[in-house]
Amino acid sequence: QVQLIESGGGLVQAGGSLRLSCALAGQTFSRYAMGWFRQAPGKEREFVAAISRGGSTTAYADSVKGRFTISRDNAKSTVYLQMNSLKPEDTAVYYCAARIATYYIDIYRQKYHYDYWGQGTQVTVSS
């Protein structure tokens with residue numbers, strides 16, 4: 001059984017930085033492609049970033065490109081989301097997600113691609 005455990009959310013001023021972490025337990029992390037999504041109050045859950053199981057391929061939503069960086073450490077079974085130059089519109093609950101990927105380079109941008117989800121961590125950016 002896959003369990004995703006997120007950490008690192010909090011309150012930060014606009015222009016600040018946060019790093020989210022998501023540890024995968026219960027299965028071999030390197031078999032999974034990973035993603036980050038977020039959901040603001042009253043809005044749909046949206047794609048933020050994705051990374052392939054090997055870590056060589058990444059993708060970002062246009063709204064975070066150049067400010068956020070997704071990375072993974074397969075030895076620690078953890079995926080990260082480094083968030084810089086945060087804006088109030090980045091305020092949301094952030095979720096990590098996982099799915100088994102056949103190929104090392106594949107990434108996934110849609111919610112329905114993922115089989116496992118974390119519990120979410122709140123990120124609040126004050127103006």
# chains A, B, ... in the order shown; residues from 1 in each chain; ligands from 1
$ closest_atom_pairs --of "segment 74-101 of chain A" --to "segment 47-59 of chain A" --cutoff "9 Å" --atoms "only C-alpha atoms" --output "tab-separated table"
residue	atom	partner	partner_atom	distance
A:Asn74	CA	A:Gly54	CA	8.3
A:Val79	CA	A:Ile51	CA	8.7
A:Leu81	CA	A:Ala49	CA	8.2
A:Tyr94	CA	A:Val48	CA	8.9
A:Ile100	CA	A:Arg53	CA	8.3
A:Ala101	CA	A:Arg53	CA	6.8
$ select_by_dssp --residues "chain A" --states "strand (DSSP E or B)" --output "ChimeraX atom specification"
/A:3-7,10-13,18-25,32-39,46-51,58-60,68-73,78-83,92-100,116-117,121-126
$ closest_residue --among "A:Tyr95, A:Phe68, A:Tyr80, A:Tyr60" --to "Lys111 of chain A" --atoms "only C-alpha atoms"
A:Tyr95
$ residues_around --residues "Thr124 of chain A" --least-positions-apart "4" --cutoff "12 Å" --atoms "only C-alpha atoms" --output "list in words"
Gly8, Gly9, Gly10, Leu11, Val12, Gln13, Ala14, Gly16, Ser17, Leu18, Arg38, Gln39, Ala40, Pro41, Leu86, Lys87, Pro88, Glu89, Asp90, Thr91, Ala92, Val93 and Tyr94 of chain A
$ atom_distance --atom1 "atom CA of Thr28 of chain A" --atom2 "atom CA of Val64 of chain A"
28.8 Å
$ atom_distance --atom1 "atom CA of Thr78 of chain A" --atom2 "atom CA of Ser126 of chain A"
27.7 Å
$ closest_residue --among "A:His113, A:Arg99, A:Arg19, A:Arg72" --to "Ser7 of chain A" --atoms "only C-alpha atoms"
A:Arg19
$ atom_distance --atom1 "atom CA of Gly35 of chain A" --atom2 "atom CA of Ala97 of chain A"
5.1 Å
$ closest_residue --among "A:Gly120, A:Gly15, A:Gly26, A:Gly66" --to "Arg45 of chain A" --atoms "only C-alpha atoms"
A:Gly120
